[in-house]
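A.B. asks: My file is work-v1.cif. It has mmCIF, C-alpha atoms and all ligand atoms:
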data_data
#
loop_
_atom_site.label_atom_id
_atom_site.label_comp_id
_atom_site.auth_asym_id
_atom_site.auth_seq_id
_atom_site.Cartn_x
_atom_site.Cartn_y
_atom_site.Cartn_z
CA MET A 21 -14.05 -23.88 23.13
CA SER A 22 -13.65 -25.76 26.37
CA THR A 23 -11.67 -23.90 28.99
CA ILE A 24 -9.52 -25.26 31.78
CA ILE A 25 -9.80 -22.37 34.23
CA ASP A 26 -13.36 -21.48 35.21
CA GLN A 27 -14.46 -18.60 32.95
CA ASN A 28 -16.56 -17.21 35.80
CA LEU A 29 -13.42 -16.80 37.83
CA VAL A 30 -11.79 -14.95 34.93
CA ALA A 31 -14.88 -12.73 34.62
CA ARG A 32 -14.86 -11.97 38.36
CA HIS A 33 -11.15 -11.15 38.24
CA ASN A 34 -11.73 -8.91 35.23
CA GLY A 35 -14.60 -7.24 37.06
CA GLN A 36 -12.23 -5.97 39.74
CA LEU A 37 -9.94 -4.38 37.13
CA GLN A 38 -12.59 -3.13 34.76
CA ALA A 39 -13.01 0.46 35.99
CA ASN A 40 -9.27 1.19 35.95
CA LEU A 41 -8.86 -0.38 32.53
CA HIS A 42 -11.60 1.78 31.07
CA ALA A 43 -10.09 4.92 32.56
CA ASP A 44 -6.64 4.05 31.17
CA TYR A 45 -8.05 3.05 27.79
CA ASP A 46 -10.02 6.29 27.46
CA ALA A 47 -6.99 8.35 28.42
CA LEU A 48 -4.86 6.58 25.82
CA ALA A 49 -7.62 6.98 23.23
CA GLY A 50 -7.36 10.74 23.78
CA VAL A 51 -3.58 10.77 23.40
CA LEU A 52 -3.74 8.71 20.22
CA SER A 53 -6.55 10.67 18.65
CA ARG A 54 -4.45 13.84 18.92
CA ARG A 55 -1.93 11.94 16.77
CA GLY A 56 -4.66 10.98 14.33
CA VAL A 57 -4.70 7.34 15.47
CA ASP A 58 -7.92 5.45 16.18
CA ILE A 59 -7.53 3.27 19.25
CA GLU A 60 -10.30 0.91 18.19
CA THR A 61 -8.41 -0.01 15.00
CA LEU A 62 -5.35 -0.81 17.08
CA THR A 63 -7.37 -2.93 19.50
CA VAL A 64 -8.76 -5.00 16.64
CA HIS A 65 -5.18 -5.30 15.32
CA ALA A 66 -4.03 -6.54 18.74
CA GLN A 67 -6.83 -9.12 18.77
CA GLN A 68 -5.53 -10.53 15.49
CA PHE A 69 -2.07 -11.20 16.91
CA ALA A 70 -0.89 -14.77 17.50
CA VAL A 71 2.39 -16.30 18.63
CA ALA A 72 2.82 -20.05 18.99
CA LEU A 73 3.96 -21.71 22.21
CA PRO A 74 6.89 -24.12 22.38
CA SER A 75 5.68 -27.34 24.01
CA TRP A 76 9.14 -27.68 25.60
CA GLY A 77 8.73 -24.30 27.27
CA ALA A 78 5.92 -25.61 29.49
CA GLY A 79 8.41 -27.52 31.64
CA THR A 80 11.13 -25.88 33.70
CA GLY A 81 14.29 -25.53 31.66
CA GLY A 82 17.82 -25.82 32.93
CA THR A 83 21.42 -25.30 32.07
CA ARG A 84 24.19 -27.82 31.61
CA PHE A 85 24.94 -27.28 35.31
CA ALA A 86 21.58 -28.00 36.89
CA ARG A 87 17.87 -28.04 36.54
CA PHE A 88 15.63 -27.00 39.40
CA PRO A 89 12.22 -28.48 38.63
CA GLY A 90 9.06 -26.63 39.57
CA LYS A 91 5.89 -28.03 41.04
CA GLY A 92 3.23 -29.66 38.90
CA GLU A 93 5.29 -29.79 35.72
CA PRO A 94 3.66 -31.44 32.73
CA ARG A 95 4.79 -35.07 32.42
CA ASN A 96 3.71 -35.72 28.85
CA VAL A 97 2.52 -33.93 25.74
CA PHE A 98 -1.13 -34.05 26.79
CA GLU A 99 -0.34 -32.22 30.03
CA LYS A 100 1.84 -29.73 28.13
CA LEU A 101 -1.17 -29.11 25.93
CA ASP A 102 -3.32 -28.38 28.99
CA ASP A 103 -0.81 -25.80 30.17
CA CYS A 104 -0.74 -24.24 26.71
CA ALA A 105 -4.54 -24.13 26.75
CA VAL A 106 -4.44 -22.18 30.03
CA ILE A 107 -1.96 -19.71 28.52
CA HIS A 108 -4.19 -19.19 25.51
CA GLN A 109 -7.37 -18.99 27.58
CA LEU A 110 -5.97 -16.10 29.60
CA THR A 111 -3.96 -14.26 26.90
CA ARG A 112 -5.99 -15.15 23.76
CA ALA A 113 -2.74 -14.61 21.91
CA THR A 114 -1.28 -18.13 21.71
CA PRO A 115 -3.53 -20.45 19.70
CA GLY A 116 -0.61 -22.32 18.10
CA ILE A 117 1.65 -24.97 19.61
CA SER A 118 5.02 -25.99 18.26
CA LEU A 119 5.86 -29.61 19.08
CA HIS A 120 9.29 -31.19 19.34
CA PHE A 121 9.92 -34.82 18.36
CA PRO A 122 10.68 -37.26 19.77
CA TRP A 123 10.07 -35.41 23.07
CA ASP A 124 6.38 -35.05 22.19
CA ARG A 125 5.97 -38.28 20.28
CA THR A 126 2.55 -39.85 20.64
CA ASP A 127 1.04 -43.05 19.32
CA ASP A 128 -2.29 -41.33 19.22
CA PRO A 129 -1.98 -38.15 17.13
CA LYS A 130 -5.74 -38.20 16.61
CA ALA A 131 -6.41 -37.87 20.34
CA LEU A 132 -3.81 -35.12 20.63
CA ARG A 133 -5.32 -33.20 17.75
CA GLU A 134 -8.80 -33.56 19.22
CA GLN A 135 -7.62 -32.34 22.60
CA ALA A 136 -5.98 -29.34 20.95
CA GLU A 137 -9.03 -28.51 18.89
CA SER A 138 -11.32 -28.76 21.90
CA HIS A 139 -9.30 -25.92 23.44
CA GLY A 140 -9.24 -23.87 20.24
CA LEU A 141 -5.57 -24.71 19.61
CA TYR A 142 -3.73 -25.87 16.49
CA PHE A 143 -0.24 -27.16 15.77
CA ASP A 144 2.29 -24.79 14.25
CA ALA A 145 5.68 -25.94 12.90
CA VAL A 146 6.97 -29.26 14.25
CA ASN A 147 10.63 -29.48 15.30
CA SER A 148 12.92 -32.39 14.64
CA ASN A 149 15.69 -33.36 17.02
CA THR A 150 18.95 -34.82 15.78
CA PHE A 151 21.05 -32.97 18.36
CA GLN A 152 20.62 -35.74 20.95
CA ASP A 153 20.80 -39.49 20.75
CA GLN A 154 17.51 -41.17 21.50
CA GLN A 155 17.11 -44.44 23.31
CA GLY A 156 17.54 -47.44 21.08
CA GLN A 157 18.85 -45.39 18.18
CA GLU A 158 21.28 -47.27 15.96
CA HIS A 159 23.76 -44.52 15.00
CA SER A 160 25.04 -41.78 17.30
CA TYR A 161 24.95 -38.07 16.46
CA LYS A 162 28.13 -37.41 18.43
CA TYR A 163 29.94 -36.42 15.25
CA GLY A 164 27.00 -34.92 13.41
CA SER A 165 23.57 -35.82 12.08
CA LEU A 166 22.53 -34.39 8.71
CA THR A 167 26.21 -33.63 8.05
CA ALA A 168 27.75 -36.80 9.53
CA GLN A 169 30.55 -38.50 7.65
CA SER A 170 28.70 -41.78 7.96
CA ALA A 171 26.05 -42.23 5.28
CA ALA A 172 24.04 -44.49 7.59
CA THR A 173 23.93 -41.79 10.28
CA ARG A 174 22.82 -39.20 7.76
CA ALA A 175 20.12 -41.54 6.47
CA GLN A 176 18.85 -42.07 10.02
CA ALA A 177 18.71 -38.31 10.63
CA VAL A 178 16.91 -37.75 7.32
CA GLN A 179 14.42 -40.48 8.17
CA HIS A 180 13.71 -38.89 11.56
CA ASN A 181 12.84 -35.62 9.82
CA ILE A 182 10.57 -37.47 7.40
CA ASP A 183 8.88 -39.18 10.37
CA CYS A 184 8.35 -35.72 11.90
CA ILE A 185 6.64 -34.56 8.72
CA GLU A 186 4.38 -37.63 8.82
CA LEU A 187 3.43 -37.06 12.44
CA GLY A 188 3.02 -33.35 11.81
CA ARG A 189 0.67 -34.14 8.95
CA ALA A 190 -1.56 -36.19 11.21
CA LEU A 191 -1.64 -33.26 13.63
CA GLY A 192 -2.49 -30.62 11.02
CA SER A 193 0.92 -28.92 11.05
CA LYS A 194 2.15 -27.21 7.90
CA ALA A 195 5.88 -26.77 8.54
CA LEU A 196 9.00 -28.48 9.79
CA THR A 197 11.71 -26.55 11.61
CA VAL A 198 15.18 -28.03 11.36
CA TRP A 199 17.82 -26.96 13.82
CA ILE A 200 20.94 -29.10 13.98
CA GLY A 201 23.81 -28.90 16.44
CA ASP A 202 26.25 -30.14 13.80
CA GLY A 203 29.63 -28.50 13.57
CA ALA A 204 33.18 -28.81 14.75
CA ASN A 205 34.90 -28.17 18.05
CA PHE A 206 38.39 -27.98 16.54
CA PRO A 207 39.88 -26.49 13.41
CA GLY A 208 40.50 -29.37 11.08
CA GLN A 209 37.84 -31.58 12.71
CA HIS A 210 35.88 -31.50 9.51
CA ASN A 211 36.07 -29.97 6.09
CA LEU A 212 34.05 -26.77 6.30
CA ARG A 213 32.74 -27.02 2.75
CA GLY A 214 32.26 -30.78 2.82
CA SER A 215 30.07 -30.49 5.90
CA LEU A 216 27.72 -28.05 4.18
CA GLU A 217 27.63 -30.21 1.04
CA ARG A 218 26.47 -33.16 3.13
CA TYR A 219 23.91 -30.93 4.86
CA LEU A 220 22.44 -29.85 1.56
CA ASP A 221 22.37 -33.38 0.31
CA SER A 222 20.44 -34.54 3.39
CA MET A 223 18.11 -31.54 3.26
CA ARG A 224 17.26 -32.31 -0.35
CA SER A 225 15.88 -35.67 0.73
CA ILE A 226 13.84 -34.02 3.50
CA TYR A 227 12.63 -31.34 1.12
CA ALA A 228 11.49 -34.01 -1.33
CA ALA A 229 9.26 -35.49 1.38
CA LEU A 230 7.42 -32.20 2.07
CA PRO A 231 3.75 -32.16 1.14
CA ASP A 232 2.76 -29.46 -1.36
CA ASP A 233 1.36 -27.09 1.24
CA TRP A 234 4.27 -27.48 3.67
CA GLN A 235 7.36 -25.41 4.31
CA VAL A 236 10.69 -26.26 5.88
CA PHE A 237 12.36 -23.67 8.11
CA ILE A 238 16.12 -23.63 8.47
CA GLU A 239 17.15 -22.33 11.90
CA HIS A 240 20.68 -20.94 12.10
CA LYS A 241 22.69 -20.51 15.29
CA LEU A 242 26.10 -18.98 15.77
CA PHE A 243 27.56 -21.58 18.12
CA GLU A 244 26.74 -24.21 20.73
CA PRO A 245 27.03 -27.15 20.98
CA ALA A 246 29.80 -26.78 18.36
CA PHE A 247 32.28 -24.21 19.63
CA TYR A 248 34.62 -23.76 16.71
CA ALA A 249 32.42 -23.92 13.62
CA THR A 250 28.70 -24.51 13.29
CA THR A 251 27.54 -25.73 9.90
CA ILE A 252 24.44 -23.50 9.82
CA ALA A 253 25.85 -20.62 11.82
CA ASP A 254 24.37 -17.54 10.22
CA TRP A 255 21.59 -16.16 8.09
CA GLY A 256 23.85 -16.07 5.02
CA THR A 257 24.34 -19.83 5.12
CA SER A 258 20.69 -20.35 5.95
CA PHE A 259 19.65 -18.12 3.06
CA ALA A 260 21.97 -19.82 0.57
CA CYS A 261 20.64 -23.25 1.59
CA ALA A 262 17.02 -22.10 1.37
CA GLN A 263 17.74 -20.77 -2.14
CA GLN A 264 19.36 -24.04 -3.19
CA LEU A 265 16.51 -26.15 -1.82
CA GLY A 266 13.61 -24.31 -3.41
CA PRO A 267 10.52 -22.21 -2.68
CA LYS A 268 9.27 -24.32 0.23
CA ALA A 269 12.49 -23.71 2.16
CA LYS A 270 12.74 -20.57 4.29
CA CYS A 271 14.87 -19.17 7.08
CA LEU A 272 13.89 -19.05 10.73
CA VAL A 273 15.35 -16.37 12.94
CA ASP A 274 15.82 -17.24 16.60
CA LEU A 275 16.63 -13.93 18.27
CA GLY A 276 19.21 -15.51 20.58
CA HIS A 277 21.23 -17.13 17.82
CA HIS A 278 23.45 -14.21 16.86
CA ALA A 279 26.62 -12.56 18.10
CA PRO A 280 25.96 -9.83 20.68
CA ASN A 281 25.00 -6.50 19.09
CA THR A 282 24.12 -8.05 15.73
CA ASN A 283 21.57 -5.93 13.90
CA ILE A 284 18.83 -8.56 13.83
CA GLU A 285 16.18 -6.25 12.41
CA MET A 286 18.37 -5.80 9.35
CA ILE A 287 18.61 -9.57 8.90
CA VAL A 288 14.82 -9.61 9.07
CA ALA A 289 14.60 -6.88 6.42
CA ARG A 290 16.99 -8.73 4.12
CA LEU A 291 15.23 -12.07 4.40
CA ALA A 292 11.85 -10.40 3.85
CA GLN A 293 13.15 -8.55 0.80
CA PHE A 294 14.24 -11.77 -0.83
CA GLY A 295 11.15 -13.79 0.12
CA LYS A 296 12.97 -16.14 2.47
CA LEU A 297 11.74 -15.06 5.90
CA GLY A 298 9.95 -18.13 7.26
CA GLY A 299 9.48 -17.34 10.90
CA PHE A 300 10.83 -16.63 14.34
CA HIS A 301 11.78 -18.12 17.63
CA PHE A 302 11.21 -15.20 19.98
CA ASN A 303 13.16 -14.88 23.19
CA ASP A 304 15.66 -12.42 24.61
CA SER A 305 19.34 -12.61 25.36
CA LYS A 306 22.19 -10.74 26.94
CA TYR A 307 25.21 -12.87 26.05
CA GLY A 308 24.33 -15.80 23.79
CA ASP A 309 21.49 -18.25 23.32
CA ASP A 310 20.24 -17.32 26.78
CA ASP A 311 16.58 -18.07 26.02
CA LEU A 312 15.37 -15.38 28.41
CA ASP A 313 11.80 -14.14 28.33
CA SER A 314 10.90 -12.08 25.27
CA GLY A 315 11.29 -8.37 25.83
CA SER A 316 12.98 -8.83 29.21
CA ILE A 317 16.38 -7.50 28.13
CA ASN A 318 16.05 -5.55 24.91
CA PRO A 319 12.45 -4.58 24.16
CA PHE A 320 13.61 -1.92 21.68
CA GLN A 321 15.19 -4.61 19.50
CA LEU A 322 11.94 -6.57 19.58
CA PHE A 323 10.07 -3.44 18.52
CA LEU A 324 12.52 -2.82 15.67
CA VAL A 325 12.04 -6.40 14.44
CA PHE A 326 8.29 -5.82 14.37
CA ASN A 327 8.84 -2.49 12.70
CA GLU A 328 10.48 -4.38 9.81
CA LEU A 329 7.62 -6.87 9.74
CA ALA A 330 5.10 -4.02 9.58
CA ASP A 331 7.10 -2.46 6.74
CA ALA A 332 7.15 -5.77 4.86
CA ALA A 333 3.43 -6.28 5.43
CA GLN A 334 2.71 -2.81 4.05
CA ARG A 335 4.82 -3.47 0.96
CA GLU A 336 3.59 -6.98 0.27
CA GLY A 337 0.05 -7.05 1.62
CA ALA A 338 -1.79 -10.15 2.76
CA SER A 339 0.68 -12.52 1.10
CA PHE A 340 3.33 -11.61 3.69
CA LYS A 341 3.16 -14.08 6.57
CA THR A 342 5.67 -15.46 9.03
CA ALA A 343 5.42 -18.31 11.51
CA ASN A 344 5.91 -16.73 14.92
CA MET A 345 6.86 -18.89 17.87
CA LEU A 346 8.36 -18.45 21.32
CA ASP A 347 11.48 -20.43 22.19
CA GLN A 348 12.47 -19.83 25.79
CA SER A 349 13.91 -21.65 28.76
CA HIS A 350 12.34 -20.86 32.12
CA ASN A 351 14.77 -21.71 34.84
CA VAL A 352 13.60 -19.59 37.77
CA THR A 353 10.01 -18.65 36.96
CA ASP A 354 6.76 -20.55 36.55
CA PRO A 355 6.84 -21.44 32.82
CA ILE A 356 3.15 -20.62 32.40
CA GLU A 357 3.65 -17.15 33.85
CA SER A 358 6.74 -16.54 31.72
CA LEU A 359 5.04 -17.72 28.54
CA MET A 360 1.99 -15.55 29.23
CA SER A 361 4.01 -12.42 29.87
CA SER A 362 6.32 -13.13 26.94
CA ALA A 363 3.40 -13.55 24.55
CA VAL A 364 2.11 -10.19 25.77
CA GLU A 365 5.53 -8.59 25.25
CA VAL A 366 5.71 -9.83 21.66
CA GLN A 367 2.14 -8.62 21.12
CA ARG A 368 3.16 -5.26 22.58
CA ALA A 369 5.95 -4.90 20.00
CA TYR A 370 3.46 -5.84 17.26
CA VAL A 371 1.03 -3.10 18.35
CA GLN A 372 3.78 -0.51 18.88
CA ALA A 373 5.04 -1.21 15.36
CA ALA A 374 1.54 -0.57 14.04
CA LEU A 375 1.69 2.84 15.73
CA VAL A 376 4.64 4.00 13.64
CA ASP A 377 3.57 6.82 11.35
CA ARG A 378 5.01 5.28 8.18
CA ALA A 379 4.17 8.19 5.89
CA ALA A 380 5.90 10.62 8.27
CA LEU A 381 8.88 8.29 8.60
CA ARG A 382 9.26 8.06 4.83
CA GLY A 383 9.03 11.84 4.58
CA HIS A 384 11.78 12.33 7.17
CA GLN A 385 13.95 9.77 5.42
CA GLU A 386 13.51 11.43 2.04
CA ALA A 387 14.32 14.82 3.56
CA ASN A 388 17.33 13.39 5.40
CA ASP A 389 15.81 14.61 8.65
CA VAL A 390 17.62 12.04 10.69
CA LEU A 391 16.54 13.25 14.11
CA GLN A 392 12.86 13.31 13.28
CA ALA A 393 13.05 9.92 11.58
CA ALA A 394 14.55 8.42 14.73
CA GLN A 395 11.99 10.25 16.88
CA THR A 396 9.15 8.85 14.80
CA LEU A 397 10.19 5.33 15.77
CA LYS A 398 10.85 6.33 19.36
CA GLN A 399 7.45 7.93 19.75
CA ALA A 400 5.76 4.66 18.83
CA PHE A 401 8.10 2.65 21.04
CA ARG A 402 7.58 4.95 24.03
CA THR A 403 3.80 4.70 23.86
CA ASP A 404 2.47 2.48 26.62
CA VAL A 405 -0.04 0.33 24.76
CA SER A 406 -0.85 -1.83 27.80
CA PRO A 407 -4.51 -0.69 27.93
CA ILE A 408 -4.93 -1.75 24.28
CA LEU A 409 -3.48 -5.18 25.00
CA ALA A 410 -5.64 -5.64 28.09
CA MET A 411 -8.78 -4.51 26.27
CA ALA A 412 -8.00 -6.84 23.35
CA ARG A 413 -7.65 -9.76 25.75
CA GLN A 414 -10.84 -8.97 27.55
CA ARG A 415 -12.84 -8.55 24.36
CA SER A 416 -11.51 -11.88 23.10
CA GLY A 417 -12.59 -13.60 26.33
CA GLY A 418 -9.23 -13.56 28.12
CA ALA A 419 -7.96 -11.95 31.28
CA ILE A 420 -7.18 -8.27 31.80
CA ASP A 421 -4.32 -9.43 34.03
CA PRO A 422 -3.34 -12.96 32.91
CA VAL A 423 -0.77 -13.64 35.64
CA GLY A 424 -3.11 -12.31 38.35
CA ALA A 425 -6.01 -14.43 37.12
CA TYR A 426 -3.78 -17.50 36.82
CA ARG A 427 -2.59 -17.11 40.41
CA ALA A 428 -6.12 -16.48 41.64
CA ALA A 429 -7.24 -19.70 39.95
CA GLY A 430 -4.62 -21.75 41.82
CA TYR A 431 -3.84 -23.73 38.67
CA ARG A 432 -0.24 -24.54 39.63
CA GLU A 433 -1.22 -25.73 43.09
CA GLN A 434 -3.82 -28.04 41.57
CA ALA A 435 -1.31 -29.30 39.02
CA ALA A 436 1.17 -30.02 41.81
CA VAL A 437 -1.36 -32.41 43.34
CA ALA A 438 -2.48 -33.96 40.06
CA ARG A 439 1.07 -34.34 38.72
CA PRO A 440 3.31 -35.60 41.50
CA ALA A 441 7.01 -34.93 40.89
CA ARG A 442 9.18 -37.63 39.40
CA ALA A 443 12.77 -37.63 38.31
CA GLY A 444 13.47 -36.10 34.90
CA ALA A 445 9.92 -34.83 34.45
CA SER A 446 10.72 -32.30 31.77
CA SER A 447 11.57 -33.09 28.19
CA SER A 448 14.92 -31.38 28.29
CA GLY A 449 17.07 -28.73 29.80
CA ILE A 450 18.39 -27.86 26.38
CA VAL A 451 16.86 -25.04 24.48
C1 LIG B 1 18.41 -24.44 19.76
O1 LIG B 1 19.25 -23.67 20.26
C2 LIG B 1 17.26 -23.95 19.06
O2 LIG B 1 16.82 -22.74 19.59
C3 LIG B 1 16.14 -24.90 18.66
O3 LIG B 1 15.03 -24.17 18.28
C4 LIG B 1 15.77 -26.01 19.57
O4 LIG B 1 15.13 -26.99 18.84
C5 LIG B 1 14.83 -25.63 20.70
O5 LIG B 1 15.36 -24.55 21.40
C6 LIG B 1 14.59 -26.76 21.67
O6 LIG B 1 15.78 -27.21 22.27
ZN ZN B 2 15.14 -21.86 18.56
ZN ZN B 3 17.52 -20.16 22.36
ZN ZN B 4 18.41 -21.78 20.67
#
Please express the file's structure as structure tokens.
Ligand code: AOS
Ligand code: ZN
Ligand code: ZN
Ligand code: ZN

C.D. replies:
Amino acid sequence: MSTIIDQNLVARHNGQLQANLHADYDALAGVLSRRGVDIETLTVHAQQFAVALPSWGAGTGGTRFARFPGKGEPRNVFEKLDDCAVIHQLTRATPGISLHFPWDRTDDPKALREQAESHGLYFDAVNSNTFQDQQGQEHSYKYGSLTAQSAATRAQAVQHNIDCIELGRALGSKALTVWIGDGANFPGQHNLRGSLERYLDSMRSIYAALPDDWQVFIEHKLFEPAFYATTIADWGTSFACAQQLGPKAKCLVDLGHHAPNTNIEMIVARLAQFGKLGGFHFNDSKYGDDDLDSGSINPFQLFLVFNELADAAQREGASFKTANMLDQSHNVTDPIESLMSSAVEVQRAYVQAALVDRAALRGHQEANDVLQAAQTLKQAFRTDVSPILAMARQRSGGAIDPVGAYRAAGYREQAAVARPARAGASSSGIV
């Protein structure tokens, strides 16, 4: 695997942190062994974790008010890939990349795939985009895409999704994620049922174009850009559509796409129970689709989501798999730093969930010992597994302290020189 940051620099940086890491790791090993938990098993578990990076997250995001670009932002998909390679090199937790078309369109998918493979990366689900009009496009999506009244507009949106599958195929992807902004801003703007009928009709054509070993993920979102009614607003609609479409259709849960205080872990449990949990867009939120860094607002919720995934994995064994991706907008931080720390936060929840004593939990549930059941989860959540995560990274060739190593390498400063700023450098401010 070719690396972008000098591995000797990473090794030197690790060298300075080594003694403290070993002391912390040994101390934690002692704590865990008193609970009957083997730290080495958990470290191997942590090394197996992977979350895919959103190519659009490599550029600075923005809001509908403003975007404040950072230095050295990637100007095309090849440069985004370089940034993703740096994130994976230092965290060893992000080997997948989720592309967004047409933002990441390339005439040379072969070159892109080769570049990815040279860095040990692969392409996870590809995302279509019918929530914006693209230059030169014949029909506008102002009044909808897959649900538009106009058959020609729907056909154009369907064709774009089929093109995404084709491009994704050339890149080695195995799934298409469909998020649409379609909906209504006013009661009466459209027929609520008619809109969903047209959606299903369009999705059937997309579904028919899926290769045998592909899946399509339906991403629901409560509101925005439609502010009265969104066609695919909730997991119930998403689930019903996935059922109608067939076994290759599954639901994707973006953590920010629910009303405040929604019990997202329960949605996860339901979708897993009925075999329709396709994957995630991880991020955090306080008010809406805020796209804040994973674990920055509500790490307990993230842990509870992973607790459900661990439960499902225990019930269903190796056949249980979800596509895990980050979907964040970095407005005030260096996107590389945010993506590295977010990947680590998601990995932290994954390891904490593995710490839950499931036999004890079941016992407390059966005995109606509510307090102890809750404490069983809390004990796992309260455990600081940072030394496990750091050790896993180091053993896999990454950095004990990814952000520290990244800053020491001066990658952003070099990128600022190599990638001079130009207007509208990032793919989008919309996430
Ligand atoms: C939009 O809110 C969704 O989260 C989608 O996943 C979208 O495609 C992505 O955020 C990029 O804009
Ligand atoms: Zn999303
Ligand atoms: Zn979001
Ligand atoms: Zn979103």

A.B. asks: Could you jot down the CA of Val178 (chain A) to CA of Arg224 (chain A) separation for me, Å, one decimal place?

C.D. replies: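 That distance, rounded to one decimal, is 9.4 Å.
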
A.B. asks: Contacts of His277 (chain A) at 8 Å or less, counting all atoms listed in the file, minus same-chain residues fewer than 6 places along, as an MDAnalysis selection string?

C.D. replies: chainID A and resid 240:243 308:309

A.B. asks: Counting all atoms listed in the file, name the residues that have an atom within 10 Å of an atom of ligand ZN 4 (chain B); the answer should be given as number ranges by chain.

C.D. replies: A: 199, 201, 239-244, 273-278, 301-303, 308-311, 347-349, 450-451

A.B. asks: At a cut-off of 10 Å, can you tabulate as CSV every residue of region 74-143 of chain A near region 415-422 of chain A together with its closest atom pair and the distance in Å to one decimal, using all atoms listed in the file and ordering rows by chain then number?

C.D. replies:
residue,atom,partner,partner_atom,distance
A:Val106,CA,A:Pro422,CA,9.7
A:Ile107,CA,A:Pro422,CA,8.2
A:His108,CA,A:Gly418,CA,8.0
A:Gln109,CA,A:Gly418,CA,5.8
A:Leu110,CA,A:Gly418,CA,4.4
A:Thr111,CA,A:Gly418,CA,5.5
A:Arg112,CA,A:Gly418,CA,5.7
A:Ala113,CA,A:Gly418,CA,9.0

A.B. asks: Closest to ligand ZN 2 (chain B) among A:Leu346, A:Ile252, A:Ala338, A:Ala72, using all atoms listed in the file?

C.D. replies: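 Counting all atoms listed in the file, the residue closest to ligand ZN 2 (chain B) is A:Leu346.
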
A.B. asks: Would you work out the distance separating CA of Gly299 (chain A) from CA of Gly188 (chain A), expressed in Å to one decimal?

C.D. replies: 17.3 Å

A.B. asks: So which one's closest to Cys104 (chain A), A:Ala228, A:Thr23, A:His33, A:Asp58? Using all atoms listed in the file, please.

C.D. replies: A:Thr23

A.B. asks: Would you compute, for all listed atoms of region 339-354 of chain A, the axis-aligned bounding box grown by 5 Å on each side, and then report its centre and edge lengths in Å rounded to one decimal, as AutoDock Vina command-line options?

C.D. replies:
--center_x 7.7 --center_y -16.7 --center_z 19.4 --size_x 24.1 --size_y 20.1 --size_z 46.7

A.B. asks: Between A:Arg290, A:Lys100, A:Arg55, A:His120, which one has atoms that come closest to ligand ZN 2 (chain B), using all atoms listed in the file?

C.D. replies: A:His120

A.B. asks: If we count all atoms listed in the file, what is near Gly164 (chain A) at a cut-off of 9 Å, once residues fewer than 4 positions away on the same chain are taken out, given as a ChimeraX atom specification?

C.D. replies: /A:150-151,160,168-170,173-174,200-204

A.B. asks: Go through A:Asn344, A:Asn40, A:Ser148, A:Ser225 and flag the residue nearest ligand LIG 1 (chain B), using only C-alpha atoms and all ligand atoms for the distances.

C.D. replies: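 Of A:Asn344, A:Asn40, A:Ser148, A:Ser225, the one nearest ligand LIG 1 (chain B), counting only C-alpha atoms and all ligand atoms, is A:Ser148.
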
A.B. asks: For a cutoff of 12 Å around the file-coordinate point (-3.1, -11.5, 40.2), which residues qualify once you count all atoms listed in the file? I'd like the result as a compact mmCIF listing (two decimals) with C-alpha atoms, in the frame of the given file.

C.D. replies:
# COMPACT_ATOMS: atom_id res chain seq x y z
CA LEU A 29 -13.42 -16.80 37.83
CA VAL A 30 -11.79 -14.95 34.93
CA ARG A 32 -14.86 -11.97 38.36
CA HIS A 33 -11.15 -11.15 38.24
CA ASN A 34 -11.73 -8.91 35.23
CA GLN A 36 -12.23 -5.97 39.74
CA LEU A 37 -9.94 -4.38 37.13
CA LEU A 110 -5.97 -16.10 29.60
CA GLU A 357 3.65 -17.15 33.85
CA ALA A 419 -7.96 -11.95 31.28
CA ILE A 420 -7.18 -8.27 31.80
CA ASP A 421 -4.32 -9.43 34.03
CA PRO A 422 -3.34 -12.96 32.91
CA VAL A 423 -0.77 -13.64 35.64
CA GLY A 424 -3.11 -12.31 38.35
CA ALA A 425 -6.01 -14.43 37.12
CA TYR A 426 -3.78 -17.50 36.82
CA ARG A 427 -2.59 -17.11 40.41
CA ALA A 428 -6.12 -16.48 41.64
CA ALA A 429 -7.24 -19.70 39.95
CA GLY A 430 -4.62 -21.75 41.82

A.B. asks: Please list as a ChimeraX atom specification every residue within 10 Å of Leu265 (chain A), counting all atoms listed in the file and excluding residues in the same chain fewer than 3 positions away.

C.D. replies: /A:220-221,223-228,236,259-262,268-270

A.B. asks: Using only C-alpha atoms for the distances, tell me which of A:Ala246, A:Tyr431, A:Lys296, A:Asn283 is nearest to Gln263 (chain A).

C.D. replies: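 The shortest atom-to-atom distance to Gln263 (chain A) comes from A:Lys296.
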
A.B. asks: Which one is closest to Arg368 (chain A): A:Asn388, A:Asn327, A:Asn205, A:Ser222? Count all atoms listed in the file.

C.D. replies: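 Answer, going by the shortest atom-to-atom distance: A:Asn327.
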
A.B. asks: Near Lys194 (chain A), within 7 Å and counting only C-alpha atoms, which residues show up once chain neighbours fewer than 5 positions away are dropped, as a PyMOL selection string?

C.D. replies: chain A and resi 144-145+233-235

A.B. asks: Between CA of Val51 (chain A) and CA of Lys398 (chain A), what is the spacing in Å?

C.D. replies: 15.6 Å

A.B. asks: Kindly extract all protein, DNA and RNA residues lying within 6 Å of the coordinates (13.3, -33.2, 18.7) given in the file, considering only C-alpha atoms, and supply them as a PDB file with C-alpha atoms, in the frame of the given file.

C.D. replies:
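Output below, filename part08.pdb:
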ATOM      1  CA  HIS A 120       9.290 -31.190  19.340  1.00  0.00           C
ATOM      2  CA  PHE A 121       9.920 -34.820  18.360  1.00  0.00           C
ATOM      3  CA  PRO A 122      10.680 -37.260  19.770  1.00  0.00           C
ATOM      4  CA  TRP A 123      10.070 -35.410  23.070  1.00  0.00           C
ATOM      5  CA  ASN A 147      10.630 -29.480  15.300  1.00  0.00           C
ATOM      6  CA  SER A 148      12.920 -32.390  14.640  1.00  0.00           C
ATOM      7  CA  ASN A 149      15.690 -33.360  17.020  1.00  0.00           C
TER       8      ASN A 149
END
